[in-house]
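Dropping query-v7.csv in here (CSV, C-alpha atoms):
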```csv
chain,number,residue,atom,x,y,z
P,1,MET,CA,-4.8,-29.1,2.7
P,2,THR,CA,-7.7,-30.0,0.4
P,3,VAL,CA,-7.6,-29.2,-3.3
P,4,ASN,CA,-10.1,-26.4,-2.8
P,5,GLU,CA,-7.9,-24.9,0.0
P,6,ILE,CA,-4.8,-25.1,-2.3
P,7,ILE,CA,-6.6,-23.4,-5.1
P,8,CYS,CA,-7.8,-20.6,-2.9
P,9,SER,CA,-4.5,-20.1,-1.2
P,10,ASN,CA,-2.7,-20.0,-4.5
P,11,ILE,CA,-5.1,-17.4,-5.9
P,12,ALA,CA,-4.6,-15.2,-2.8
P,13,GLU,CA,-0.9,-15.4,-3.0
P,14,LEU,CA,-0.7,-14.7,-6.8
P,15,ARG,CA,-3.1,-11.8,-6.5
P,16,LYS,CA,-1.1,-10.1,-3.8
P,17,LYS,CA,2.2,-10.7,-5.6
P,18,GLN,CA,0.8,-9.2,-8.8
P,19,GLY,CA,-0.4,-6.1,-6.8
P,20,LEU,CA,-4.0,-6.6,-7.7
P,21,SER,CA,-6.9,-5.7,-5.4
P,22,GLN,CA,-9.8,-8.1,-4.9
P,23,GLU,CA,-11.9,-5.6,-6.8
P,24,GLU,CA,-9.5,-5.5,-9.8
P,25,LEU,CA,-9.3,-9.3,-10.0
P,26,ALA,CA,-13.1,-9.5,-9.7
P,27,GLY,CA,-13.4,-7.0,-12.6
P,28,MET,CA,-11.1,-9.1,-14.8
P,29,LEU,CA,-13.3,-12.2,-14.1
P,30,ASP,CA,-16.6,-10.3,-14.3
P,31,ILE,CA,-17.7,-11.4,-10.8
P,32,THR,CA,-18.2,-9.6,-7.5
P,33,PHE,CA,-15.2,-8.8,-5.2
P,34,GLN,CA,-17.2,-10.6,-2.5
P,35,ALA,CA,-16.8,-13.8,-4.4
P,36,VAL,CA,-13.0,-13.3,-4.5
P,37,SER,CA,-13.0,-12.5,-0.8
P,38,LYS,CA,-14.9,-15.8,-0.1
P,39,TRP,CA,-12.3,-17.7,-2.1
P,40,GLU,CA,-9.4,-16.2,-0.2
P,41,ASN,CA,-11.1,-16.9,3.1
P,42,GLN,CA,-11.7,-20.4,1.9
P,43,LEU,CA,-15.5,-20.1,2.3
P,44,SER,CA,-16.1,-21.1,-1.4
P,45,CYS,CA,-14.1,-22.2,-4.4
P,46,PRO,CA,-14.0,-20.7,-8.0
P,47,ASP,CA,-16.3,-22.2,-10.5
P,48,ILE,CA,-14.4,-24.6,-12.7
P,49,ALA,CA,-15.1,-22.5,-15.8
P,50,LEU,CA,-13.1,-19.6,-14.3
P,51,ILE,CA,-10.0,-21.6,-13.6
P,52,PRO,CA,-8.5,-21.2,-17.2
P,53,LYS,CA,-9.1,-17.5,-17.0
P,54,ILE,CA,-7.5,-17.2,-13.6
P,55,ALA,CA,-4.4,-19.2,-14.8
P,56,GLU,CA,-4.2,-16.8,-17.8
P,57,ILE,CA,-4.3,-13.7,-15.6
P,58,PHE,CA,-1.5,-14.9,-13.3
P,59,GLN,CA,0.5,-16.5,-16.2
P,60,VAL,CA,0.6,-19.9,-14.4
P,61,SER,CA,-0.5,-23.3,-15.4
P,62,ILE,CA,-3.8,-24.8,-14.3
P,63,ASP,CA,-1.7,-27.6,-12.7
P,64,PHE,CA,0.0,-25.0,-10.6
P,65,LEU,CA,-3.3,-23.6,-9.3
P,66,PHE,CA,-4.3,-27.1,-8.3
P,67,GLY,CA,-0.9,-27.6,-6.5
P,68,LYS,CA,0.3,-30.3,-8.9
P,69,GLU,CA,3.5,-28.5,-9.9
P,70,GLU,CA,6.1,-26.3,-8.2
P,71,ARG,CA,6.3,-22.6,-8.9
P,72,ASN,CA,7.1,-22.4,-12.5
P,73,THR,CA,10.0,-20.9,-14.4
P,74,ILE,CA,8.1,-17.6,-15.1
P,75,GLU,CA,8.0,-16.8,-11.4
P,76,LYS,CA,11.6,-17.8,-10.8
P,77,GLN,CA,12.8,-15.7,-13.7
P,78,SER,CA,10.5,-12.8,-13.1
P,79,ALA,CA,12.7,-11.8,-10.1
P,80,GLU,CA,14.9,-9.9,-12.6
P,81,TRP,CA,11.8,-7.9,-13.8
P,82,PRO,CA,10.6,-5.9,-10.8
P,83,ASN,CA,6.9,-5.4,-10.1
P,84,ASP,CA,6.9,-1.7,-11.1
P,85,ASN,CA,5.4,0.6,-13.6
P,86,ASN,CA,8.1,0.1,-16.2
P,87,LEU,CA,7.5,-1.6,-19.5
P,88,TYR,CA,9.5,-4.7,-20.2
P,89,ALA,CA,9.7,-6.4,-23.6
P,90,VAL,CA,10.8,-10.0,-23.5
P,91,ILE,CA,9.8,-13.3,-25.3
P,92,PHE,CA,8.6,-16.5,-23.8
P,93,GLN,CA,9.2,-20.1,-25.0
P,94,GLY,CA,6.4,-21.9,-23.3
P,95,HIS,CA,6.6,-20.7,-19.7
P,96,ARG,CA,10.3,-19.7,-19.9
P,97,ILE,CA,11.7,-16.3,-20.6
P,98,LEU,CA,14.4,-16.6,-23.2
P,99,LYS,CA,17.7,-15.0,-22.4
P,100,LYS,CA,19.3,-12.5,-24.8
P,101,GLU,CA,21.9,-15.0,-26.0
P,102,GLU,CA,19.1,-17.5,-26.8
P,103,LEU,CA,17.4,-15.2,-29.3
P,104,THR,CA,17.8,-16.4,-32.9
P,105,ASP,CA,18.3,-14.0,-35.8
P,106,GLU,CA,14.7,-14.4,-36.7
P,107,LEU,CA,13.5,-13.6,-33.2
P,108,SER,CA,15.9,-10.7,-33.0
P,109,GLU,CA,13.9,-9.1,-35.8
P,110,ILE,CA,10.9,-8.5,-33.5
P,111,GLN,CA,10.3,-4.8,-32.9
P,112,LEU,CA,8.7,-2.8,-30.2
P,113,LYS,CA,6.9,0.1,-31.9
P,114,TYR,CA,5.5,3.1,-30.1
P,115,ASP,CA,3.0,5.2,-32.1
P,116,GLY,CA,3.4,8.8,-31.0
P,117,GLU,CA,5.6,10.8,-28.6
P,118,MET,CA,7.2,8.9,-25.8
P,119,GLN,CA,7.3,11.0,-22.6
P,120,GLY,CA,8.1,10.1,-19.0
P,121,MET,CA,8.5,6.3,-19.6
P,122,THR,CA,11.0,3.7,-18.6
P,123,ILE,CA,11.4,0.8,-21.1
P,124,LYS,CA,13.7,-2.2,-21.1
P,125,SER,CA,13.5,-4.3,-24.2
P,126,TYR,CA,15.4,-7.3,-25.6
P,127,PHE,CA,14.4,-6.1,-29.1
P,128,SER,CA,14.7,-3.0,-31.2
P,129,ILE,CA,12.6,0.0,-30.4
P,130,THR,CA,11.0,2.3,-32.9
P,131,VAL,CA,9.3,5.5,-31.7
P,132,GLN,CA,7.3,7.3,-34.4
P,133,GLU,CA,7.8,10.7,-32.8
P,134,ASN,CA,10.1,12.2,-30.1
P,135,ILE,CA,11.5,10.7,-26.9
P,136,TYR,CA,11.3,13.1,-23.9
P,137,ASP,CA,12.1,12.6,-20.2
P,138,SER,CA,12.5,8.9,-20.6
P,139,THR,CA,14.9,6.0,-19.8
P,140,ILE,CA,15.2,3.5,-22.6
P,141,GLN,CA,17.3,0.3,-22.9
P,142,SER,CA,17.2,-1.7,-26.1
P,143,GLY,CA,19.0,-5.0,-26.8
P,144,THR,CA,19.5,-3.9,-30.4
P,145,HIS,CA,18.8,-0.6,-32.2
P,146,ILE,CA,16.7,2.4,-31.4
P,147,THR,CA,15.0,4.6,-34.1
P,148,CYS,CA,13.1,7.8,-33.3
P,149,ALA,CA,12.8,11.5,-33.9
P,150,ASP,CA,14.3,13.9,-31.3
P,151,ILE,CA,15.7,12.8,-28.0
P,152,THR,CA,15.4,15.3,-25.2
P,153,ASP,CA,16.2,15.1,-21.5
P,154,SER,CA,16.5,11.3,-21.6
P,155,LYS,CA,18.9,8.4,-20.9
P,156,ILE,CA,19.2,6.0,-23.8
P,157,GLU,CA,21.2,2.7,-24.0
P,158,SER,CA,21.3,0.8,-27.3
P,159,GLY,CA,22.7,-2.7,-27.8
P,160,THR,CA,23.6,-1.8,-31.4
P,161,HIS,CA,23.0,1.4,-33.2
P,162,ILE,CA,20.8,4.5,-32.8
P,163,THR,CA,19.2,6.5,-35.6
P,164,CYS,CA,17.5,9.8,-34.6
P,165,ALA,CA,17.1,13.5,-35.2
P,166,ASP,CA,18.3,16.0,-32.6
P,167,ILE,CA,19.7,15.0,-29.3
P,168,THR,CA,19.4,17.5,-26.4
P,169,ASP,CA,20.2,17.4,-22.7
P,170,SER,CA,20.6,13.6,-22.8
P,171,GLU,CA,22.9,10.7,-21.9
P,172,ILE,CA,23.5,8.3,-24.8
P,173,GLU,CA,25.4,5.0,-24.8
P,174,CYS,CA,25.4,3.2,-28.1
P,175,ARG,CA,27.4,0.0,-28.6
P,176,ALA,CA,27.6,0.4,-32.4
P,177,HIS,CA,27.2,3.4,-34.6
P,178,MET,CA,25.1,6.5,-34.2
P,179,THR,CA,23.4,8.6,-36.9
P,180,CYS,CA,21.7,11.8,-35.9
P,181,ALA,CA,21.3,15.5,-36.6
P,182,ASP,CA,22.4,18.1,-34.0
P,183,ILE,CA,23.8,17.0,-30.6
P,184,THR,CA,23.5,19.7,-27.9
P,185,ASN,CA,24.4,19.7,-24.2
P,186,SER,CA,24.7,16.0,-24.0
P,187,GLN,CA,27.0,13.1,-23.0
P,188,ILE,CA,27.5,10.7,-25.9
P,189,GLU,CA,29.5,7.4,-26.1
P,190,SER,CA,29.5,5.3,-29.2
P,191,GLY,CA,31.1,1.8,-29.7
P,192,ALA,CA,31.7,2.6,-33.4
P,193,HIS,CA,31.3,5.9,-35.2
P,194,ILE,CA,29.1,9.0,-34.9
P,195,THR,CA,27.7,10.7,-37.9
P,196,CYS,CA,25.9,14.0,-37.2
P,197,THR,CA,25.5,17.6,-38.3
P,198,ASP,CA,26.5,19.8,-35.4
P,199,ILE,CA,27.9,19.1,-31.9
P,200,SER,CA,27.7,21.9,-29.4
P,201,TYR,CA,28.0,22.5,-25.6
P,202,CYS,CA,28.5,18.8,-24.8
P,203,ASP,CA,30.3,17.5,-21.7
P,204,SER,CA,31.7,14.6,-23.7
P,205,VAL,CA,31.3,13.0,-27.1
P,206,SER,CA,33.4,9.9,-27.8
P,207,ALA,CA,33.4,7.3,-30.5
P,208,GLN,CA,35.5,4.1,-30.8
P,209,THR,CA,36.3,4.7,-34.5
P,210,PHE,CA,35.5,8.3,-35.7
P,211,ILE,CA,33.2,11.3,-35.4
P,212,ASN,CA,31.9,12.8,-38.6
P,213,ALA,CA,30.4,16.2,-37.8
P,214,ALA,CA,30.0,19.3,-40.0
P,215,SER,CA,30.9,21.5,-37.0
P,216,VAL,CA,31.9,21.2,-33.4
P,217,PHE,CA,31.3,24.1,-31.0
P,218,GLN,CA,32.1,24.3,-27.3
P,219,ASP,CA,31.8,27.3,-25.0
P,220,GLU,CA,34.6,28.5,-22.8
P,221,LYS,CA,33.7,26.3,-19.8
P,222,ASP,CA,34.2,23.2,-21.9
P,223,GLU,CA,37.4,24.1,-23.7
P,224,GLY,CA,40.6,22.2,-23.0
```
Would you mind giving the structure from this file in structure tokens?
Amino acid sequence: MTVNEIICSNIAELRKKQGLSQEELAGMLDITFQAVSKWENQLSCPDIALIPKIAEIFQVSIDFLFGKEERNTIEKQSAEWPNDNNLYAVIFQGHRILKKEELTDELSEIQLKYDGEMQGMTIKSYFSITVQENIYDSTIQSGTHITCADITDSKIESGTHITCADITDSEIECRAHMTCADITNSQIESGAHITCTDISYCDSVSAQTFINAASVFQDEKDEG
């Protein structure tokens, strides 16, 4: 294959893998979709000035586009991050995704902040997550701690601790301690202690060390 054929073939493969249409890629590059179609049919080749932008869009090196290096570490590691609508928060060192155990104390201080109410989202983050308002109907995994207002109808997993207001109709797994207000109709598991106001109508609430609650109320179906 010629260099032009390699470039065009790589662009077509990367576009399809990323789930972009020819029109969407063309819009990112401020060109017509017919131009992209011609590249992929190897009728023409991208202008050299577009190559850096194409490499940036697909998160590959320019050398990769020219066929001078094998599929890089990003593509190999991205297998653990499916091509879906979920939000993933990771950190790169060069072209390599750092593993959780490689994060230094300084890097672990990075925070994912969400301004507003979080509803109907799935987030997986190596770092701490701060939601300024409520979490509703969402699935959240954090490598460290989670801070938010109310948690409702959600599934939450925290690598360290959770600080929030009320928890309702949710499943919570916290590997360290939890501090919250009322817990209602939920399933809670803490790797350390739980400090809250009231616990009511919950299937199960367990803590590795202790539970500090002002009151605990279960209806008849949960007794015993």
ask   = Just how far from CA of Asn185 in chain P is CA of Val216 in chain P, in Å to one decimal?
value = 12.0 Å
Contacts of Glu133 in chain P within 7 Å, only C-alpha atoms, excl. fewer than 2 positions in-chain, as number ranges by chain = P: 116-117, 131, 135, 148-149
Could you please take those selected residues and save C-alpha atoms as a PDB file, keeping the file's coordinate frame?
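Wrote it out as result_13.pdb, contents follow:
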```pdb
ATOM      1  CA  GLY P 116       3.400   8.800 -31.000  1.00  0.00           C
ATOM      2  CA  GLU P 117       5.600  10.800 -28.600  1.00  0.00           C
ATOM      3  CA  VAL P 131       9.300   5.500 -31.700  1.00  0.00           C
ATOM      4  CA  ILE P 135      11.500  10.700 -26.900  1.00  0.00           C
ATOM      5  CA  CYS P 148      13.100   7.800 -33.300  1.00  0.00           C
ATOM      6  CA  ALA P 149      12.800  11.500 -33.900  1.00  0.00           C
TER       7      ALA P 149
END
```
note = Between CA of Ser200 in chain P and CA of Ser128 in chain P lies a distance of 28.1 Å
inquiry  = List as a PyMOL selection string the protein and nucleic acid residues near range 55-57 of chain P, meaning an atom at most 10 Å away when all atoms listed in the file are counted, but skip any in the same chain fewer than 4 places from it.
reply    = chain P and resi 11+14-15+18+25+28-29+50-51+61-65
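Taking CA of Asp105 in chain P and CA of Gln132 in chain P as endpoints, the distance between them is 24.0 Å.
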Polymer residues at most 10 Å from (-9.2, -22.2, -3.3) by all atoms listed in the file, as a list of chain:residue names = P:Thr2, P:Val3, P:Asn4, P:Glu5, P:Ile6, P:Ile7, P:Cys8, P:Ser9, P:Asn10, P:Ile11, P:Ala12, P:Val36, P:Lys38, P:Trp39, P:Glu40, P:Asn41, P:Gln42, P:Leu43, P:Ser44, P:Cys45, P:Pro46, P:Leu65, P:Phe66
Around the point (33.3, 9.6, -31.8), in the coordinates given by the file, pick out the residues reaching within 12 Å, counting all atoms listed in the file, and return them as a short mmCIF file (atom, residue, chain, number, x, y, z; two decimals) with C-alpha atoms, in the frame of the given file.
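For reference, out_25.cif as written:
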```cif
data_model
loop_
_atom_site.label_atom_id
_atom_site.label_comp_id
_atom_site.auth_asym_id
_atom_site.auth_seq_id
_atom_site.Cartn_x
_atom_site.Cartn_y
_atom_site.Cartn_z
CA GLU P 173 25.40 5.00 -24.80
CA CYS P 174 25.40 3.20 -28.10
CA ARG P 175 27.40 0.00 -28.60
CA ALA P 176 27.60 0.40 -32.40
CA HIS P 177 27.20 3.40 -34.60
CA MET P 178 25.10 6.50 -34.20
CA THR P 179 23.40 8.60 -36.90
CA GLN P 187 27.00 13.10 -23.00
CA ILE P 188 27.50 10.70 -25.90
CA GLU P 189 29.50 7.40 -26.10
CA SER P 190 29.50 5.30 -29.20
CA GLY P 191 31.10 1.80 -29.70
CA ALA P 192 31.70 2.60 -33.40
CA HIS P 193 31.30 5.90 -35.20
CA ILE P 194 29.10 9.00 -34.90
CA THR P 195 27.70 10.70 -37.90
CA CYS P 196 25.90 14.00 -37.20
CA ILE P 199 27.90 19.10 -31.90
CA SER P 204 31.70 14.60 -23.70
CA VAL P 205 31.30 13.00 -27.10
CA SER P 206 33.40 9.90 -27.80
CA ALA P 207 33.40 7.30 -30.50
CA GLN P 208 35.50 4.10 -30.80
CA THR P 209 36.30 4.70 -34.50
CA PHE P 210 35.50 8.30 -35.70
CA ILE P 211 33.20 11.30 -35.40
CA ASN P 212 31.90 12.80 -38.60
CA ALA P 213 30.40 16.20 -37.80
CA VAL P 216 31.90 21.20 -33.40
#
```
Contacts of Tyr126 in chain P at 6 Å (all atoms listed in the file; same-chain gap of 6+ positions) as a list in words =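 That gives Val90, Ser142 and Gly143 of chain P.
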query = Using only C-alpha atoms, which of the listed residues (P:Gln111, P:Ser154, P:Ser215, P:Gln22) sits closest to Ser186 in chain P?
reply = P:Ser154
task = Can you pull out every residue within 6 Å of Ile162 in chain P, counting only C-alpha atoms, but drop anything in the same chain fewer than 3 positions away, and send it as a ChimeraX atom specification?
result = /P:145-147,178
Name all residues at most 9 Å from Ile123 in chain P (count all atoms listed in the file; drop same-chain ones fewer than 5 positions away) and give them as a compact mmCIF listing (two decimals) with C-alpha atoms, in the frame of the given file.
```
# COMPACT_ATOMS: atom_id res chain seq x y z
CA ASN P 86 8.10 0.10 -16.20
CA LEU P 87 7.50 -1.60 -19.50
CA TYR P 88 9.50 -4.70 -20.20
CA ALA P 89 9.70 -6.40 -23.60
CA SER P 138 12.50 8.90 -20.60
CA THR P 139 14.90 6.00 -19.80
CA ILE P 140 15.20 3.50 -22.60
CA GLN P 141 17.30 0.30 -22.90
CA SER P 142 17.20 -1.70 -26.10
```
task = Considering all atoms listed in the file, state which residue in the set P:Asn85, P:Thr144, P:Thr197, P:Thr130 is at the smallest distance from Ala165 in chain P.
result =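 Closest residue, counting all atoms listed in the file: P:Thr197.
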message = From the options P:Gly67, P:Lys100, P:Phe33, P:Tyr114, which residue's atoms come nearest to Leu20 in chain P, counting all atoms listed in the file?
response =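 Of the candidates, the smallest distance to Leu20 in chain P is held by P:Phe33.
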